[in-house]
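Below: one structure, written as C-alpha cells.
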2 protein chains.
Amino acid sequence: MKRIMLSHGGGGLQSQELINGLIIKHFSNPILNNLEDAAVINTPSLLAFTTDSFTVSPIFFNGGDIGKLSIAGTVNDLSMMGARPLFLSVSFIIEEGFLISDLEQIIISMKQEIDVTGAQIVTGDTKVVPKGAVDKIFINTSGIGQIVYQGISSKNLSEGDVIIVSGTIGDHGACILAQREGITLQTSLRSDCQSLWQLVNSLIESGIKIVAMRDPTRGGLAAVLNEWASASNIEIEITESAIPIKPEVFGICEMLGMEAVTFACEGRMVIAVNKNDAQRALETLRSHPLGRDASIIGVVKTIKNVGAGLVPALLQGYPYQVILKSDYGTSRIMELPSGELLPRIC
Amino acid sequence: MKRIMLSHGGGGLQSQELINGLIIKHFSNPILNNLEDAAVINTPSLLAFTTDSFTVSPIFFNGGDIGKLSIAGTVNDLSMMGARPLFLSVSFIIEEGFLISDLEQIIISMKQEIDVTGAQIVTGDTKVVPKGAVDKIFINTSGIGQIVYQGISSKNLSEGDVIIVSGTIGDHGACILAQREGITLQTSLRSDCQSLWQLVNSLIESGIKIVAMRDPTRGGLAAVLNEWASASNIEIEITESAIPIKPEVFGICEMLGMEAVTFACEGRMVIAVNKNDAQRALETLRSHPLGRDASIIGVVKTIKNVGAGLVPALLQGYPYQVILKSDYGTSRIMELPSGELLPRIC
C-alpha cells in the first residue's frame, strides 16, 4: 500500500513523480500539461469566477466522494450565475501517510465529473502536510465560467414570483450525517452530489426568464430563501407539504431533531421565475434526468402587516421573512439557520 | 478574546456575521460585495489562471504571515507568466477556536499586500472545521491575470542565455526554519515574502526579452534550474560564489546541514535572458527596490560529453543537469531536490 509522504509535497523529485504519475495522468489536457506557474487561457470577456474549499468527512460517502463533490460544488456555483463552466483549478492539501490508491480514486472521480460538465482542469497545486496538520485530505477548486445568461440575482425577486426546487431536499446532508453517526438505513440513501450545468443549460435554452437561482449548500433551502427575502426585501411563502423530502431524510431529521430545510444539498437548485413561466420551467426541469423530482414549493409576497408570531424575527433585525405554511392552515417562520449546523458537510 | 466557532462556517447567521463583519469589511470592492455564488468579471481575453494553497507554520513569521504570503504567492505565479494580476479568490479553512483577532490581522495583511499589486479580491469561501481537523488556518488563493508579455517558457532556454536572480536566495526558507526550530539569530533574518509584479512590470517596460522566469518557491533555486535544464534540454552552469546568500542564511544551512539553493523564496525570481540583454536586465532589476541585490549567477550551455562524475544523474534518467562551479575550479551537480525538504514552508 503506497502512501503519501512529505517528500511528495516538497517541490522536488517525488513531487514531480506524484504530479506526472498521478495527477497529470488523469487530468491531462494541452493547457494543464504546460506545467508553468499559471495556465494560459483564452476566454470570452464576461466571466464568472468562484472558489470553494472542500473538507467533507467522511471523504468517501454513498453517492460520491470529496473529489466528485469538489468538482460539482464549483461547477454549480458557476452554473448558478448563468455561466458555462470552462476552466477549473484544483489544489490538494494531503496528510502525510494518505493512501495513494485513495488519492487516485478521488482523482478519477474528479475526472469523471469534470468530463460531464465540459470544463477542463487547467492548473493546480499539491501540498503535503505532516500527520495531524490536516484530517486526511482537503481540496480547493476555483472555477472560471463564461456568462451565457445575464441578470440572475438574489435582489430580483418580486411579488408573485414562483419558487421551484429541482429535486428532493437534504439528501446530501442526511447521507453524510447518517454515515458519520453510524445510522444504518433500510434503504440506501445517496448524496445528491452532481453537477447541475446541463440542467441549467436546458433551462436557459428553453427561453424561460430566470429571476434568481441558487444551489442550497451549507444552510440548505432555509439559508437560500432567507438570503433572497433579505436581498430583495420581500416575503416568501412556502407550502411545507410541497417540499420534496425523501422518507429516509425525514426519518433522519426526526431521529436527530433537525430540519431537512437546513441540510446541505450538492446537486439541487432553487429557482425563482415569473408566475407565467412557472409551469413551463417545472416541465423543463422534470424532463431532464437531473430535475426529475422538481416541484413548485412557494410564492413571493410583499411584506404584509406583521402579526404577533413574527415579532421575534423582526426584533432580530430581519424585517423580511420566509413563512412555512402547513396543510392545516398554521404557519411559522423558516428562520435563517444559526449555530453549529453540520460542520464538514462539504 | 473572541474565537472562531463552528457556527462561523455553518452557512447561517454567524457565517453572515463573520463574512460581513470581517472579510467584506476589509476586502470591500464592488465586485466582491455582490456576494453571489461567483464573481462577475469583465476581462481581456488572454489570461493566466493559477492556484495555491498555503499551509505555512508558524502562521506569523518575521517579515510576514500566512495572509501576506497567500497574496504574494499567487500574484507571483501570475507575474512569472508575464501576467498583470487582476482578480484573486480567497478561501479560508479555519480551525474552531482560532482567535478572531489573529484572523483579522491576517486579513489586514492580505489587504495591504493586494493593494500593492493593483489586483482585487473578488470572491471567497470560508470553512470552519472542528479542532484537530486542521492546524490553525490554511488559505487558498487563486488568481486571474492579464497576459501582457507573451512567450516566457521553461522550454525556451538556449546556449549562451544568462541566468539572473533578483535577490538573496533562501531567506524565506531559512527564516521559517529558524523560527520553527527555535534558532535565535543575532541579526534579525526576515522572510523575503513580497509580491513581484511591480518588479516584473519594470522589466517588461524596459523592453528586455525575457526567455524564462520563475519564482523559486518549494525546492528553491535548485528546483527551478533543474526544471529549466530538463524542459529545454540544456545544461546550466552556475558560479557558486555569485549566488547571493545572506550570512545568516548560510549560517542556518551550515548548522542544519542543508543547502540554501533548495530553500524556498517567496519574493525572488530567477530570470533567463539573452546574453546581449543581461547587463541591462541586471541594471533594471537593481534600480528597483524589489531587485536591489540582483545578480548574474550563471550561463546556459549545451550538453557536453559527460564525464564520470555526471553518470549518477544520467542513470536516474536526467540527461540534463545543473553544474555548480566553485572558485577553485571544481564542479559538482546541483541536483533536483529530493526527499522531505521543508514541509509547510508555504
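The way I read the labels, and the way they are meant: chains A, B, ... in the order of the C-alpha cells, residue 1 as the first residue of every chain, and ligand 1 as the first ligand shown, with later ones counted on from there.
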
For this session: Would you kindly return, as a PyMOL selection string, each protein, DNA or RNA residue with an atom no farther than 10 Å from any atom of Thr117 in chain A, considering only C-alpha atoms and excluding same-chain residues fewer than 2 positions away?
Result: chain A and resi 71-72+75-76+84-86+112-115+119-120+194-198

Keeping only all heavy atoms, write the selected residues to a file as a tab-separated table (two decimals), in the first residue's frame.
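Contents of the output file again.tsv:
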chain	number	residue	atom	x	y	z
A	71	ILE	N	-15.65	19.03	-7.61
A	71	ILE	CA	-15.93	19.49	-8.98
A	71	ILE	C	-17.36	20.02	-9.06
A	71	ILE	O	-17.62	21.14	-9.53
A	71	ILE	CB	-15.73	18.35	-10.00
A	71	ILE	CG1	-14.29	17.84	-9.97
A	71	ILE	CG2	-16.13	18.81	-11.40
A	71	ILE	CD1	-13.23	18.82	-10.38
A	72	ALA	N	-18.32	19.22	-8.56
A	72	ALA	CA	-19.73	19.60	-8.64
A	72	ALA	C	-19.97	20.94	-7.92
A	72	ALA	O	-20.69	21.80	-8.42
A	72	ALA	CB	-20.61	18.51	-8.05
A	75	VAL	N	-18.56	23.84	-10.08
A	75	VAL	CA	-19.34	23.90	-11.33
A	75	VAL	C	-20.73	24.46	-11.02
A	75	VAL	O	-21.25	25.28	-11.78
A	75	VAL	CB	-19.42	22.49	-11.95
A	75	VAL	CG1	-20.57	22.39	-12.95
A	75	VAL	CG2	-18.09	22.15	-12.62
A	76	ASN	N	-21.32	24.05	-9.91
A	76	ASN	CA	-22.66	24.52	-9.58
A	76	ASN	C	-22.67	26.01	-9.24
A	76	ASN	O	-23.61	26.72	-9.60
A	76	ASN	CB	-23.25	23.69	-8.44
A	76	ASN	CG	-23.56	22.27	-8.89
A	76	ASN	OD1	-23.56	21.98	-10.10
A	76	ASN	ND2	-23.83	21.37	-7.96
A	84	ARG	N	-21.40	29.07	-18.16
A	84	ARG	CA	-20.95	27.77	-18.63
A	84	ARG	C	-19.55	27.51	-18.07
A	84	ARG	O	-18.63	28.30	-18.32
A	84	ARG	CB	-20.88	27.78	-20.16
A	84	ARG	CG	-20.36	26.48	-20.79
A	84	ARG	CD	-20.13	26.64	-22.30
A	84	ARG	NE	-21.33	27.10	-22.97
A	84	ARG	CZ	-22.36	26.31	-23.32
A	84	ARG	NH1	-22.29	25.03	-23.09
A	84	ARG	NH2	-23.42	26.81	-23.91
A	85	PRO	N	-19.36	26.44	-17.29
A	85	PRO	CA	-18.04	26.18	-16.68
A	85	PRO	C	-17.00	25.92	-17.77
A	85	PRO	O	-17.24	25.11	-18.67
A	85	PRO	CB	-18.27	24.90	-15.86
A	85	PRO	CG	-19.74	24.72	-15.77
A	85	PRO	CD	-20.35	25.41	-16.94
A	86	LEU	N	-15.88	26.63	-17.69
A	86	LEU	CA	-14.83	26.47	-18.70
A	86	LEU	C	-13.55	25.88	-18.09
A	86	LEU	O	-13.04	24.89	-18.57
A	86	LEU	CB	-14.48	27.83	-19.32
A	86	LEU	CG	-15.56	28.53	-20.14
A	86	LEU	CD1	-15.04	29.88	-20.63
A	86	LEU	CD2	-15.97	27.68	-21.33
A	112	GLN	N	-14.04	12.08	-13.93
A	112	GLN	CA	-15.35	11.68	-14.46
A	112	GLN	C	-16.35	12.83	-14.36
A	112	GLN	O	-17.11	13.09	-15.28
A	112	GLN	CB	-15.88	10.46	-13.69
A	112	GLN	CG	-15.12	9.17	-14.07
A	112	GLN	CD	-15.45	8.00	-13.15
A	112	GLN	OE1	-16.04	8.18	-12.07
A	112	GLN	NE2	-15.07	6.80	-13.55
A	113	GLU	N	-16.31	13.54	-13.23
A	113	GLU	CA	-17.28	14.60	-13.02
A	113	GLU	C	-16.99	15.80	-13.92
A	113	GLU	O	-17.91	16.39	-14.48
A	113	GLU	CB	-17.29	15.02	-11.54
A	113	GLU	CG	-18.47	15.86	-11.12
A	113	GLU	CD	-19.82	15.18	-11.30
A	113	GLU	OE1	-19.88	13.94	-11.34
A	113	GLU	OE2	-20.82	15.92	-11.43
A	114	ILE	N	-15.73	16.17	-14.07
A	114	ILE	CA	-15.40	17.33	-14.92
A	114	ILE	C	-15.79	17.03	-16.37
A	114	ILE	O	-16.25	17.91	-17.09
A	114	ILE	CB	-13.92	17.75	-14.78
A	114	ILE	CG1	-13.67	19.13	-15.41
A	114	ILE	CG2	-12.95	16.77	-15.43
A	114	ILE	CD1	-13.64	20.23	-14.45
A	115	ASP	N	-15.65	15.78	-16.78
A	115	ASP	CA	-15.99	15.43	-18.16
A	115	ASP	C	-17.49	15.61	-18.44
A	115	ASP	O	-17.88	15.96	-19.54
A	115	ASP	CB	-15.55	14.00	-18.48
A	115	ASP	CG	-14.04	13.91	-18.72
A	115	ASP	OD1	-13.39	14.98	-18.84
A	115	ASP	OD2	-13.51	12.78	-18.77
A	119	ALA	N	-16.08	21.19	-18.82
A	119	ALA	CA	-14.99	22.08	-18.41
A	119	ALA	C	-13.67	21.32	-18.37
A	119	ALA	O	-13.63	20.11	-18.61
A	119	ALA	CB	-15.30	22.68	-17.04
A	120	GLN	N	-12.58	22.03	-18.12
A	120	GLN	CA	-11.26	21.41	-18.04
A	120	GLN	C	-10.53	21.86	-16.77
A	120	GLN	O	-10.67	23.01	-16.37
A	120	GLN	CB	-10.39	21.86	-19.21
A	120	GLN	CG	-10.78	21.36	-20.56
A	120	GLN	CD	-9.81	21.88	-21.62
A	120	GLN	OE1	-8.78	21.28	-21.89
A	120	GLN	NE2	-10.13	23.02	-22.18
A	194	GLN	N	-24.00	16.25	-7.54
A	194	GLN	CA	-23.91	16.17	-9.01
A	194	GLN	C	-23.76	17.58	-9.59
A	194	GLN	O	-24.16	18.56	-8.97
A	194	GLN	CB	-25.17	15.50	-9.59
A	194	GLN	CG	-26.46	16.26	-9.29
A	194	GLN	CD	-27.73	15.52	-9.71
A	194	GLN	OE1	-27.68	14.40	-10.21
A	194	GLN	NE2	-28.88	16.15	-9.52
A	195	SER	N	-23.20	17.64	-10.77
A	195	SER	CA	-23.01	18.92	-11.46
A	195	SER	C	-24.29	19.32	-12.18
A	195	SER	O	-24.85	18.52	-12.94
A	195	SER	CB	-21.87	18.81	-12.47
A	195	SER	OG	-20.66	18.59	-11.79
A	196	LEU	N	-24.72	20.56	-11.97
A	196	LEU	CA	-26.02	20.99	-12.47
A	196	LEU	C	-25.97	21.73	-13.80
A	196	LEU	O	-27.00	22.18	-14.29
A	196	LEU	CB	-26.70	21.89	-11.41
A	196	LEU	CG	-27.13	21.17	-10.13
A	196	LEU	CD1	-27.51	22.19	-9.06
A	196	LEU	CD2	-28.31	20.24	-10.42
A	197	TRP	N	-24.77	21.88	-14.38
A	197	TRP	CA	-24.69	22.73	-15.57
A	197	TRP	C	-25.64	22.29	-16.68
A	197	TRP	O	-26.32	23.12	-17.28
A	197	TRP	CB	-23.25	22.85	-16.10
A	197	TRP	CG	-23.25	23.50	-17.45
A	197	TRP	CD1	-22.88	22.96	-18.63
A	197	TRP	CD2	-23.71	24.83	-17.75
A	197	TRP	NE1	-23.08	23.84	-19.66
A	197	TRP	CE2	-23.59	25.00	-19.15
A	197	TRP	CE3	-24.24	25.87	-16.97
A	197	TRP	CZ2	-23.96	26.19	-19.78
A	197	TRP	CZ3	-24.62	27.05	-17.61
A	197	TRP	CH2	-24.46	27.21	-18.99
A	198	GLN	N	-25.73	20.99	-16.95
A	198	GLN	CA	-26.58	20.54	-18.06
A	198	GLN	C	-28.05	20.91	-17.80
A	198	GLN	O	-28.77	21.28	-18.73
A	198	GLN	CB	-26.45	19.01	-18.26
A	198	GLN	CG	-25.02	18.51	-18.50
A	198	GLN	CD	-24.37	19.07	-19.76
A	198	GLN	OE1	-25.05	19.62	-20.63
A	198	GLN	NE2	-23.05	18.97	-19.84

Problem set entry | chain A contacts to chain B at 6 Å (only C-alpha atoms) as an MDAnalysis selection string | chainID A and resid 6:7 10:13 37:52 77 123:125 133:135 218:219 336:341

May I have the residues from that selection written out with N, CA and C atoms, as a short mmCIF file (atom, residue, chain, number, x, y, z; two decimals), in the first residue's frame?
data_model
loop_
_atom_site.label_atom_id
_atom_site.label_comp_id
_atom_site.auth_asym_id
_atom_site.auth_seq_id
_atom_site.Cartn_x
_atom_site.Cartn_y
_atom_site.Cartn_z
N LEU A 6 5.79 13.14 2.98
CA LEU A 6 6.04 14.58 2.96
C LEU A 6 6.82 14.97 1.71
N SER A 7 7.71 14.08 1.25
CA SER A 7 8.51 14.40 0.07
C SER A 7 7.65 14.60 -1.18
N GLY A 10 7.27 18.31 -1.45
CA GLY A 10 8.46 19.12 -1.23
C GLY A 10 8.90 19.97 -2.40
N GLY A 11 8.32 19.74 -3.57
CA GLY A 11 8.71 20.54 -4.73
C GLY A 11 9.90 19.96 -5.48
N GLY A 12 10.36 18.77 -5.08
CA GLY A 12 11.50 18.15 -5.74
C GLY A 12 11.10 16.96 -6.58
N LEU A 13 11.99 15.96 -6.59
CA LEU A 13 11.82 14.79 -7.44
C LEU A 13 10.50 14.06 -7.19
N ASP A 37 3.84 28.27 -14.23
CA ASP A 37 3.34 28.76 -12.95
C ASP A 37 1.84 29.05 -12.97
N ALA A 38 1.29 29.25 -14.16
CA ALA A 38 -0.14 29.51 -14.29
C ALA A 38 -0.59 28.98 -15.64
N ALA A 39 -1.88 28.66 -15.74
CA ALA A 39 -2.42 28.22 -17.03
C ALA A 39 -2.69 29.44 -17.90
N VAL A 40 -2.44 29.31 -19.18
CA VAL A 40 -2.76 30.39 -20.12
C VAL A 40 -4.08 30.02 -20.80
N ILE A 41 -5.07 30.89 -20.64
CA ILE A 41 -6.39 30.57 -21.18
C ILE A 41 -6.90 31.71 -22.02
N ASN A 42 -7.63 31.36 -23.05
CA ASN A 42 -8.18 32.33 -23.96
C ASN A 42 -9.68 32.30 -23.74
N THR A 43 -10.24 33.42 -23.33
CA THR A 43 -11.63 33.37 -22.89
C THR A 43 -12.45 34.50 -23.49
N PRO A 44 -13.77 34.29 -23.52
CA PRO A 44 -14.67 35.39 -23.81
C PRO A 44 -14.60 36.38 -22.67
N SER A 45 -15.16 37.55 -22.83
CA SER A 45 -14.81 38.60 -21.87
C SER A 45 -15.67 38.70 -20.60
N LEU A 46 -16.92 38.26 -20.61
CA LEU A 46 -17.69 38.36 -19.37
C LEU A 46 -17.69 37.01 -18.67
N LEU A 47 -17.01 36.99 -17.52
CA LEU A 47 -16.73 35.73 -16.85
C LEU A 47 -17.29 35.69 -15.43
N ALA A 48 -17.57 34.48 -14.96
CA ALA A 48 -17.84 34.27 -13.54
C ALA A 48 -16.62 33.58 -12.95
N PHE A 49 -16.27 33.93 -11.71
CA PHE A 49 -15.08 33.40 -11.04
C PHE A 49 -15.48 33.03 -9.62
N THR A 50 -15.19 31.79 -9.21
CA THR A 50 -15.62 31.35 -7.88
C THR A 50 -14.61 30.40 -7.27
N THR A 51 -14.66 30.24 -5.98
CA THR A 51 -13.75 29.34 -5.28
C THR A 51 -14.47 28.61 -4.15
N ASP A 52 -14.02 27.42 -3.82
CA ASP A 52 -14.61 26.65 -2.73
C ASP A 52 -13.59 25.66 -2.20
N ASP A 77 -21.64 26.49 -8.55
CA ASP A 77 -21.57 27.92 -8.26
C ASP A 77 -21.51 28.73 -9.56
N THR A 123 -5.03 24.07 -14.07
CA THR A 123 -3.90 24.43 -13.21
C THR A 123 -4.12 23.82 -11.84
N GLY A 124 -3.05 23.66 -11.06
CA GLY A 124 -3.23 23.01 -9.78
C GLY A 124 -2.07 23.19 -8.84
N ASP A 125 -2.22 22.61 -7.67
CA ASP A 125 -1.21 22.74 -6.62
C ASP A 125 -1.41 21.54 -5.68
N ALA A 133 -1.78 17.69 10.86
CA ALA A 133 -1.97 19.09 10.45
C ALA A 133 -3.22 19.25 9.60
N VAL A 134 -3.70 18.15 9.02
CA VAL A 134 -4.97 18.18 8.30
C VAL A 134 -5.60 16.79 8.45
N ASP A 135 -6.93 16.73 8.48
CA ASP A 135 -7.58 15.43 8.59
C ASP A 135 -7.74 14.83 7.19
N ARG A 218 -24.44 24.79 2.17
CA ARG A 218 -24.48 24.98 3.63
C ARG A 218 -25.65 25.87 4.03
N GLY A 219 -26.39 25.47 5.04
CA GLY A 219 -27.55 26.24 5.47
C GLY A 219 -28.82 25.81 4.75
N LEU A 336 -33.44 31.84 9.21
CA LEU A 336 -32.07 31.69 8.73
C LEU A 336 -31.38 30.77 9.73
N PRO A 337 -30.80 29.66 9.27
CA PRO A 337 -30.17 28.75 10.22
C PRO A 337 -29.11 29.47 11.04
N SER A 338 -28.93 29.03 12.24
CA SER A 338 -28.00 29.65 13.17
C SER A 338 -27.33 28.56 13.98
N GLY A 339 -26.14 28.82 14.46
CA GLY A 339 -25.47 27.83 15.31
C GLY A 339 -24.60 26.88 14.50
N GLU A 340 -24.29 25.75 15.10
CA GLU A 340 -23.26 24.89 14.51
C GLU A 340 -23.64 24.19 13.23
N LEU A 341 -24.92 23.93 13.03
CA LEU A 341 -25.35 23.16 11.86
C LEU A 341 -24.49 21.91 11.71
#

Exercise. Suppose you want the space between CA of Lys301 in chain A and CA of Tyr328 in chain A; what is it in Å?
Worked result: 20.0 Å

Exercise. Looking only at the backbone, which of the residues in range 97-342 of chain B does DSSP tag as strand (DSSP E), as a ChimeraX atom specification?
Worked result: /B:120-129,137-147,162-165,210-214,235-239,270-273,295-301,321-325,331-333

For this session: Name the residues in contact with range 163-175 of chain B at a cut-off of 6 Å, using only C-alpha atoms, excluding same-chain residues fewer than 5 positions from it; report them as number ranges by chain.
Result: B: 191-192, 244-245, 249, 260, 263-265, 268-272, 291, 293-299

Could you write out that same residue set with all heavy atoms as a short mmCIF file (atom, residue, chain, number, x, y, z; two decimals), in the first residue's frame?
data_model
loop_
_atom_site.label_atom_id
_atom_site.label_comp_id
_atom_site.auth_asym_id
_atom_site.auth_seq_id
_atom_site.Cartn_x
_atom_site.Cartn_y
_atom_site.Cartn_z
N SER B 191 11.79 36.97 6.28
CA SER B 191 11.35 36.30 5.05
C SER B 191 11.40 37.30 3.90
O SER B 191 11.18 38.50 4.09
CB SER B 191 9.92 35.80 5.22
OG SER B 191 9.34 35.55 3.97
N ASP B 192 11.68 36.81 2.69
CA ASP B 192 11.67 37.68 1.51
C ASP B 192 10.27 37.84 0.91
O ASP B 192 10.11 38.48 -0.14
CB ASP B 192 12.63 37.12 0.44
CG ASP B 192 12.41 35.64 0.20
OD1 ASP B 192 11.29 35.27 -0.21
OD2 ASP B 192 13.34 34.86 0.43
N PRO B 244 23.76 35.16 -4.50
CA PRO B 244 23.69 36.00 -3.29
C PRO B 244 22.97 35.26 -2.16
O PRO B 244 21.80 34.91 -2.28
CB PRO B 244 22.91 37.23 -3.74
CG PRO B 244 22.19 36.83 -4.99
CD PRO B 244 22.84 35.62 -5.55
N ILE B 245 23.72 35.01 -1.10
CA ILE B 245 23.15 34.34 0.08
C ILE B 245 23.55 35.14 1.31
O ILE B 245 24.73 35.45 1.50
CB ILE B 245 23.68 32.89 0.20
CG1 ILE B 245 23.28 32.07 -1.04
CG2 ILE B 245 23.14 32.21 1.47
CD1 ILE B 245 23.85 30.66 -1.08
N VAL B 249 21.60 33.19 6.50
CA VAL B 249 21.02 32.04 5.81
C VAL B 249 22.08 30.95 5.66
O VAL B 249 21.83 29.77 5.92
CB VAL B 249 20.46 32.46 4.42
CG1 VAL B 249 19.98 31.24 3.63
CG2 VAL B 249 19.33 33.48 4.59
N ALA B 260 21.24 26.18 0.85
CA ALA B 260 20.37 27.34 0.64
C ALA B 260 19.70 27.31 -0.73
O ALA B 260 18.59 27.83 -0.89
CB ALA B 260 21.17 28.63 0.80
N PHE B 263 16.28 26.04 -0.54
CA PHE B 263 15.33 26.75 0.34
C PHE B 263 14.34 27.57 -0.49
O PHE B 263 14.72 28.22 -1.47
CB PHE B 263 16.08 27.71 1.27
CG PHE B 263 16.66 27.06 2.49
CD1 PHE B 263 16.71 25.68 2.63
CD2 PHE B 263 17.16 27.85 3.52
CE1 PHE B 263 17.25 25.10 3.77
CE2 PHE B 263 17.71 27.28 4.67
CZ PHE B 263 17.76 25.91 4.79
N ALA B 264 13.10 27.60 -0.03
CA ALA B 264 12.07 28.37 -0.73
C ALA B 264 12.29 29.87 -0.55
O ALA B 264 12.61 30.34 0.54
CB ALA B 264 10.70 27.99 -0.19
N CYS B 265 12.12 30.62 -1.64
CA CYS B 265 11.98 32.07 -1.61
C CYS B 265 10.52 32.38 -1.91
O CYS B 265 9.87 31.63 -2.62
CB CYS B 265 12.84 32.73 -2.68
SG CYS B 265 14.56 32.18 -2.68
N ARG B 268 11.39 36.32 -4.64
CA ARG B 268 12.54 36.36 -5.55
C ARG B 268 12.15 35.72 -6.86
O ARG B 268 11.25 34.88 -6.90
CB ARG B 268 13.72 35.57 -4.96
CG ARG B 268 14.16 36.00 -3.58
CD ARG B 268 14.83 37.36 -3.59
NE ARG B 268 15.32 37.69 -2.25
CZ ARG B 268 14.98 38.79 -1.59
NH1 ARG B 268 14.16 39.68 -2.12
NH2 ARG B 268 15.48 39.01 -0.38
N MET B 269 12.89 36.09 -7.92
CA MET B 269 12.67 35.39 -9.17
C MET B 269 14.00 35.07 -9.84
O MET B 269 15.01 35.71 -9.59
CB MET B 269 11.76 36.19 -10.09
CG MET B 269 12.24 37.58 -10.41
SD MET B 269 10.92 38.48 -11.23
CE MET B 269 11.80 39.95 -11.75
N VAL B 270 13.95 34.04 -10.66
CA VAL B 270 15.09 33.63 -11.48
C VAL B 270 14.70 33.95 -12.91
O VAL B 270 13.57 33.66 -13.33
CB VAL B 270 15.38 32.12 -11.36
CG1 VAL B 270 16.76 31.80 -11.89
CG2 VAL B 270 15.21 31.65 -9.93
N ILE B 271 15.61 34.60 -13.64
CA ILE B 271 15.30 35.03 -14.99
C ILE B 271 16.39 34.53 -15.92
O ILE B 271 17.57 34.54 -15.57
CB ILE B 271 15.23 36.57 -15.09
CG1 ILE B 271 14.36 37.13 -13.97
CG2 ILE B 271 14.69 37.03 -16.43
CD1 ILE B 271 14.94 38.38 -13.38
N ALA B 272 15.98 34.11 -17.11
CA ALA B 272 16.95 33.82 -18.16
C ALA B 272 16.75 34.83 -19.28
O ALA B 272 15.61 35.06 -19.70
CB ALA B 272 16.75 32.40 -18.69
N GLY B 291 14.51 44.59 -6.34
CA GLY B 291 15.56 43.80 -7.00
C GLY B 291 16.95 44.31 -6.73
O GLY B 291 17.89 44.05 -7.51
N ASP B 293 19.40 43.50 -4.87
CA ASP B 293 20.52 42.56 -4.77
C ASP B 293 20.61 41.59 -5.95
O ASP B 293 21.17 40.50 -5.83
CB ASP B 293 20.42 41.76 -3.45
CG ASP B 293 20.47 42.68 -2.24
OD1 ASP B 293 21.24 43.66 -2.28
OD2 ASP B 293 19.73 42.43 -1.27
N ALA B 294 20.01 41.97 -7.07
CA ALA B 294 20.02 41.09 -8.25
C ALA B 294 21.46 40.77 -8.65
O ALA B 294 22.35 41.60 -8.51
CB ALA B 294 19.28 41.75 -9.40
N SER B 295 21.66 39.55 -9.13
CA SER B 295 23.00 39.11 -9.53
C SER B 295 22.92 38.16 -10.71
O SER B 295 21.99 37.34 -10.80
CB SER B 295 23.69 38.35 -8.39
OG SER B 295 23.77 39.14 -7.23
N ILE B 296 23.91 38.25 -11.57
CA ILE B 296 24.09 37.24 -12.62
C ILE B 296 24.77 36.05 -11.96
O ILE B 296 25.81 36.20 -11.32
CB ILE B 296 24.94 37.80 -13.78
CG1 ILE B 296 24.14 38.87 -14.53
CG2 ILE B 296 25.38 36.67 -14.72
CD1 ILE B 296 24.91 39.59 -15.62
N ILE B 297 24.17 34.87 -12.09
CA ILE B 297 24.75 33.72 -11.39
C ILE B 297 25.24 32.61 -12.32
O ILE B 297 25.91 31.69 -11.87
CB ILE B 297 23.76 33.10 -10.36
CG1 ILE B 297 22.47 32.61 -11.06
CG2 ILE B 297 23.43 34.10 -9.25
CD1 ILE B 297 21.63 31.70 -10.17
N GLY B 298 24.87 32.66 -13.60
CA GLY B 298 25.31 31.55 -14.45
C GLY B 298 24.94 31.73 -15.89
O GLY B 298 24.44 32.79 -16.30
N VAL B 299 25.16 30.67 -16.64
CA VAL B 299 25.00 30.73 -18.08
C VAL B 299 24.52 29.37 -18.59
O VAL B 299 24.77 28.34 -17.96
CB VAL B 299 26.35 31.17 -18.73
CG1 VAL B 299 27.42 30.10 -18.52
CG2 VAL B 299 26.18 31.50 -20.19
#

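Distance-wise, CA of Leu225 in chain B and CA of Val162 in chain B end up 12.0 Å apart.
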
Problem set entry | DSSP-assigned helix (DSSP H, G or I) among range 6-193 of chain B, expressed as a PyMOL selection string | chain B and resi 6-9+13-27+32-34+66-79+100-117+171-181

Problem set entry | Selection: 7 Å around Phe98 in chain B, only C-alpha atoms, excl. self and same-chain fewer than 3 positions, as a list in words |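 My list of contacting residues is Arg3, Ile4, Ile94, Glu95 and Lys136 of chain B.
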
Problem set entry | Which of B:Glu181, B:Met1, B:Gly207, B:Gly151 sits closest to Asp102 in chain B [using only C-alpha atoms] |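 Result for the nearest residue to Asp102 in chain B: B:Met1.
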
Exercise. Nearest to Ile59 in chain B among B:Ser28, B:Ser331, B:Ser109, B:Asn33, with distances taken over only C-alpha atoms: which residue is it?
Worked result: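 Checking each of B:Ser28, B:Ser331, B:Ser109, B:Asn33 against Ile59 in chain B, counting only C-alpha atoms, the winner is B:Ser109.
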
Problem set entry | Distance in Å - CA of His26 in chain B versus CA of Ser230 in chain A |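 For CA of His26 in chain B relative to CA of Ser230 in chain A, the distance reads 22.5 Å.
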
Exercise. Which residue gives the smallest distance to Glu104 in chain A among A:Ile24, A:Tyr149, A:Glu159, A:Asn62, with only C-alpha atoms counted?
Worked result: A:Ile24
